[in-house]
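Undergrad: Got a structure here, written out as structure tokens. Questions coming.
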Amino acid sequence: MPKATLPSGVRLHYQQVGEGPDLVMVHGLTGNLAVWHLRIVPELAEHFRILTYDLRGHGHSDAPPSGYTLEAMADDLLGLLDELELERPLIAGHSYGADIALYHALRRPDRVHEVIAIEAALPALEESRRHDGWVGWSYWARALEEAGHPVPADKRSDMRYMIRATIDLPKQWGPLKGLPRNPKPLLRLLDETTLAEDYRQVGELTLDRVSSIDTPVVLMYTESSAFIDTYEFLRDHLPNAQGVLLPNSEWGHFGPMEQPELVVRHIAERLPGAESIEIVRD
């Protein structure tokens, strides 16, 4: 189980497979690197050298009590690139992982070739999602209710409550679909770290600085994404952005797991020599 020790002292668990141009894949909050390995990494590893890693506090990486802001996560990413001597990889991130990639591109454009931002949320737009009427809370509550976990109306915008409720859901994807989750990692994040407060901090990437990101960015969202307003803002304000809208799906926000063949196709289009990749379908 390889781990890299960063200048901060935090150890990150990572996996590196394949040969070719470098591709780094960054998962979202409460996930781990395994989300990429279900379908996406096997499709691309024959053509590209792929680095996946567990964010601090996730998977088999260290879980310090603090340091879960996007600046800290971008520092972790840069430290990992330095440790593994990766100069300018393509970076694909999902959800919070997409935000990390954008913060990294803002801070160190010399250390990223291109960003693929899958369902980025952007904390600078968080204010529009705080109210109970935001469609994302409704999507999340509906998924919980369909799984037999009704959500009280006054809890729909309570992040800690919603994450705790989700712990009780069985696994939704992969060979372990339907089996219960291990609640300990998520409970550790909620109860022993500052994650729930840190992830909302805007920090350096304010709305007026989005246009400062010159790195090419592919914005990948589902057509009815709860974050479609973020997609439209980034599409309109990033100077070098290309939008990709995936067909609607059950969960919407989880494209890497629900529509891996489309995610692979759009990632492959950004990499040299990728036109020869054949997508394997079930």
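Residues in the structure tokens are named by chain (A, B, ... in the order shown) and by number from 1 within that chain; ligands are numbered from 1 in the order shown.
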Which residues come within 10 Å of region 20-28 of chain A, counting only C-alpha atoms, excluding same-chain residues fewer than 4 positions away, as an NGL selection string?

TA: :A and (16 or 32-36 or 41 or 44-55 or 58 or 77 or 81 or 86-101 or 112-120 or 254 or 256 or 267 or 271-273)

Undergrad: Leaving out Val10 (chain A) and any residue of its chain fewer than 6 positions from it, which residues lie within 8 Å of it when counting only C-alpha atoms, given as a list in words?

TA: Arg56, Ser61, Asp62 and Pro64 of chain A

Undergrad: Just want the 8 Å neighbourhood of Pro109 (chain A), counted on only C-alpha atoms, with same-chain residues fewer than 3 positions away dropped. Output as a list in words.

TA: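 Result of the neighbour search: His104, Ala105, Leu106, Val112, His113, Ile213, Asp214 and Thr215 of chain A.
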
Undergrad: Can I get the selection written as a PDB file, in the first residue's frame, with C-alpha atoms?

TA:
ATOM      1  CA  HIS A 104      -4.519  23.974  -8.226  1.00  0.00           C
ATOM      2  CA  ALA A 105      -4.827  25.428 -11.737  1.00  0.00           C
ATOM      3  CA  LEU A 106      -5.299  28.918 -10.286  1.00  0.00           C
ATOM      4  CA  VAL A 112      -1.168  21.227 -14.893  1.00  0.00           C
ATOM      5  CA  HIS A 113      -1.710  20.572 -18.583  1.00  0.00           C
ATOM      6  CA  ILE A 213      -7.578  30.468 -14.691  1.00  0.00           C
ATOM      7  CA  ASP A 214      -5.988  30.248 -18.133  1.00  0.00           C
ATOM      8  CA  THR A 215      -5.591  26.467 -18.071  1.00  0.00           C
TER       9      THR A 215
END

Undergrad: Take CA of Pro260 (chain A) and CA of Tyr231 (chain A) and report the distance between them in Å, one decimal.

TA: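 According to the coordinates, CA of Pro260 (chain A) and CA of Tyr231 (chain A) are separated by 19.7 Å.
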
Undergrad: What does the structure give for the distance between CA of Ala153 (chain A) and CA of Ile228 (chain A), in Å to one decimal?

TA: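 Computed distance, CA of Ala153 (chain A) to CA of Ile228 (chain A), equals 23.6 Å.
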
Undergrad: For CA of Ala268 (chain A) and CA of Val244 (chain A), quote the distance in Å rounded to one decimal.

TA: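 Spanning CA of Ala268 (chain A) to CA of Val244 (chain A) is a straight-line distance of 13.4 Å.
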
Undergrad: Calculated over only C-alpha atoms, which of the candidates A:His266, A:Arg39, A:Arg209, A:Lys3 has the smallest distance to Ala124 (chain A)?

TA: A:Arg209

Undergrad: From a backbone DSSP assignment, name each residue in region 1-161 of chain A labelled alpha helix (DSSP H), as an MDAnalysis selection string.

TA: chainID A and resid 34:37 40:44 70:83 96:107 135:146 159:161

Undergrad: Since we have the selection now, will you write its residues out, keeping N, CA and C atoms, as a short mmCIF file (atom, residue, chain, number, x, y, z; two decimals), in the first residue's frame?

TA:
data_model
loop_
_atom_site.label_atom_id
_atom_site.label_comp_id
_atom_site.auth_asym_id
_atom_site.auth_seq_id
_atom_site.Cartn_x
_atom_site.Cartn_y
_atom_site.Cartn_z
N ALA A 34 -10.97 4.31 -5.01
CA ALA A 34 -11.59 3.14 -5.64
C ALA A 34 -12.67 3.51 -6.64
N VAL A 35 -13.29 4.71 -6.50
CA VAL A 35 -14.36 5.08 -7.43
C VAL A 35 -13.86 5.12 -8.87
N TRP A 36 -12.60 5.46 -9.05
CA TRP A 36 -12.03 5.52 -10.40
C TRP A 36 -11.67 4.14 -10.93
N HIS A 37 -11.40 3.20 -10.01
CA HIS A 37 -10.89 1.90 -10.43
C HIS A 37 -12.00 0.91 -10.80
N ILE A 40 -13.27 3.16 -14.83
CA ILE A 40 -12.56 4.17 -15.60
C ILE A 40 -11.08 3.86 -15.76
N VAL A 41 -10.41 3.56 -14.66
CA VAL A 41 -8.97 3.25 -14.75
C VAL A 41 -8.70 2.05 -15.65
N PRO A 42 -9.44 0.95 -15.53
CA PRO A 42 -9.17 -0.18 -16.44
C PRO A 42 -9.28 0.18 -17.91
N GLU A 43 -10.16 1.13 -18.26
CA GLU A 43 -10.32 1.52 -19.65
C GLU A 43 -9.15 2.36 -20.17
N LEU A 44 -8.51 3.10 -19.27
CA LEU A 44 -7.49 4.05 -19.71
C LEU A 44 -6.06 3.62 -19.40
N LEU A 70 -9.91 23.91 0.52
CA LEU A 70 -9.43 23.64 -0.82
C LEU A 70 -7.98 24.06 -1.00
N GLU A 71 -7.54 25.10 -0.29
CA GLU A 71 -6.12 25.46 -0.36
C GLU A 71 -5.25 24.33 0.19
N ALA A 72 -5.67 23.77 1.34
CA ALA A 72 -4.90 22.67 1.92
C ALA A 72 -4.90 21.45 1.01
N MET A 73 -6.06 21.16 0.41
CA MET A 73 -6.14 20.01 -0.49
C MET A 73 -5.30 20.25 -1.76
N ALA A 74 -5.27 21.49 -2.25
CA ALA A 74 -4.43 21.81 -3.41
C ALA A 74 -2.96 21.70 -3.05
N ASP A 75 -2.60 22.07 -1.83
CA ASP A 75 -1.22 21.88 -1.36
C ASP A 75 -0.87 20.40 -1.35
N ASP A 76 -1.81 19.58 -0.89
CA ASP A 76 -1.57 18.13 -0.87
C ASP A 76 -1.33 17.60 -2.28
N LEU A 77 -2.16 18.07 -3.23
CA LEU A 77 -2.00 17.63 -4.61
C LEU A 77 -0.64 18.02 -5.16
N LEU A 78 -0.23 19.26 -4.94
CA LEU A 78 1.07 19.70 -5.42
C LEU A 78 2.19 18.91 -4.76
N GLY A 79 2.06 18.66 -3.45
CA GLY A 79 3.08 17.88 -2.75
C GLY A 79 3.20 16.48 -3.32
N LEU A 80 2.06 15.89 -3.68
CA LEU A 80 2.09 14.54 -4.26
C LEU A 80 2.72 14.56 -5.65
N LEU A 81 2.40 15.58 -6.45
CA LEU A 81 3.03 15.71 -7.77
C LEU A 81 4.54 15.85 -7.63
N ASP A 82 4.98 16.63 -6.65
CA ASP A 82 6.42 16.80 -6.43
C ASP A 82 7.07 15.48 -6.01
N GLU A 83 6.41 14.80 -5.08
CA GLU A 83 6.96 13.54 -4.56
C GLU A 83 7.11 12.50 -5.66
N TYR A 96 -15.82 17.66 -5.21
CA TYR A 96 -14.78 18.40 -4.47
C TYR A 96 -13.43 18.20 -5.12
N GLY A 97 -13.22 17.03 -5.73
CA GLY A 97 -11.98 16.79 -6.45
C GLY A 97 -11.83 17.72 -7.64
N ALA A 98 -12.94 18.06 -8.29
CA ALA A 98 -12.90 19.03 -9.39
C ALA A 98 -12.56 20.41 -8.87
N ASP A 99 -13.11 20.77 -7.72
CA ASP A 99 -12.76 22.05 -7.10
C ASP A 99 -11.26 22.10 -6.78
N ILE A 100 -10.73 21.01 -6.25
CA ILE A 100 -9.30 20.95 -5.94
C ILE A 100 -8.48 21.19 -7.20
N ALA A 101 -8.87 20.56 -8.29
CA ALA A 101 -8.15 20.74 -9.55
C ALA A 101 -8.19 22.19 -10.02
N LEU A 102 -9.33 22.86 -9.86
CA LEU A 102 -9.44 24.26 -10.27
C LEU A 102 -8.59 25.17 -9.39
N TYR A 103 -8.58 24.91 -8.09
CA TYR A 103 -7.74 25.70 -7.19
C TYR A 103 -6.27 25.49 -7.53
N HIS A 104 -5.90 24.26 -7.83
CA HIS A 104 -4.52 23.97 -8.23
C HIS A 104 -4.16 24.72 -9.50
N ALA A 105 -5.08 24.74 -10.48
CA ALA A 105 -4.83 25.43 -11.74
C ALA A 105 -4.67 26.93 -11.53
N LEU A 106 -5.43 27.50 -10.59
CA LEU A 106 -5.30 28.92 -10.29
C LEU A 106 -3.93 29.22 -9.69
N ARG A 107 -3.52 28.37 -8.76
CA ARG A 107 -2.28 28.63 -8.00
C ARG A 107 -1.03 28.24 -8.77
N VAL A 135 -32.28 22.76 -5.29
CA VAL A 135 -32.72 21.50 -5.85
C VAL A 135 -31.83 20.33 -5.41
N GLY A 136 -30.57 20.61 -5.11
CA GLY A 136 -29.67 19.54 -4.69
C GLY A 136 -30.11 18.85 -3.42
N TRP A 137 -30.65 19.63 -2.47
CA TRP A 137 -31.16 19.02 -1.24
C TRP A 137 -32.35 18.11 -1.56
N SER A 138 -33.19 18.54 -2.50
CA SER A 138 -34.34 17.72 -2.87
C SER A 138 -33.91 16.41 -3.52
N TYR A 139 -32.89 16.48 -4.40
CA TYR A 139 -32.38 15.26 -5.04
C TYR A 139 -31.87 14.29 -3.99
N TRP A 140 -31.09 14.82 -3.05
CA TRP A 140 -30.47 13.99 -2.02
C TRP A 140 -31.54 13.39 -1.12
N ALA A 141 -32.50 14.21 -0.70
CA ALA A 141 -33.57 13.73 0.17
C ALA A 141 -34.41 12.66 -0.52
N ARG A 142 -34.68 12.86 -1.83
CA ARG A 142 -35.47 11.88 -2.57
C ARG A 142 -34.76 10.53 -2.64
N ALA A 143 -33.44 10.57 -2.87
CA ALA A 143 -32.68 9.33 -2.92
C ALA A 143 -32.73 8.60 -1.59
N LEU A 144 -32.64 9.35 -0.50
CA LEU A 144 -32.72 8.73 0.83
C LEU A 144 -34.11 8.17 1.08
N GLU A 145 -35.13 8.92 0.70
CA GLU A 145 -36.50 8.46 0.92
C GLU A 145 -36.81 7.20 0.11
N GLU A 146 -36.32 7.15 -1.13
CA GLU A 146 -36.54 5.96 -1.95
C GLU A 146 -35.83 4.73 -1.38
N MET A 159 -25.96 19.62 6.36
CA MET A 159 -24.97 18.74 5.74
C MET A 159 -24.58 17.57 6.64
N ARG A 160 -24.34 17.85 7.91
CA ARG A 160 -23.94 16.76 8.81
C ARG A 160 -25.04 15.71 8.91
N TYR A 161 -26.29 16.16 9.02
CA TYR A 161 -27.40 15.21 9.11
C TYR A 161 -27.49 14.36 7.85
#
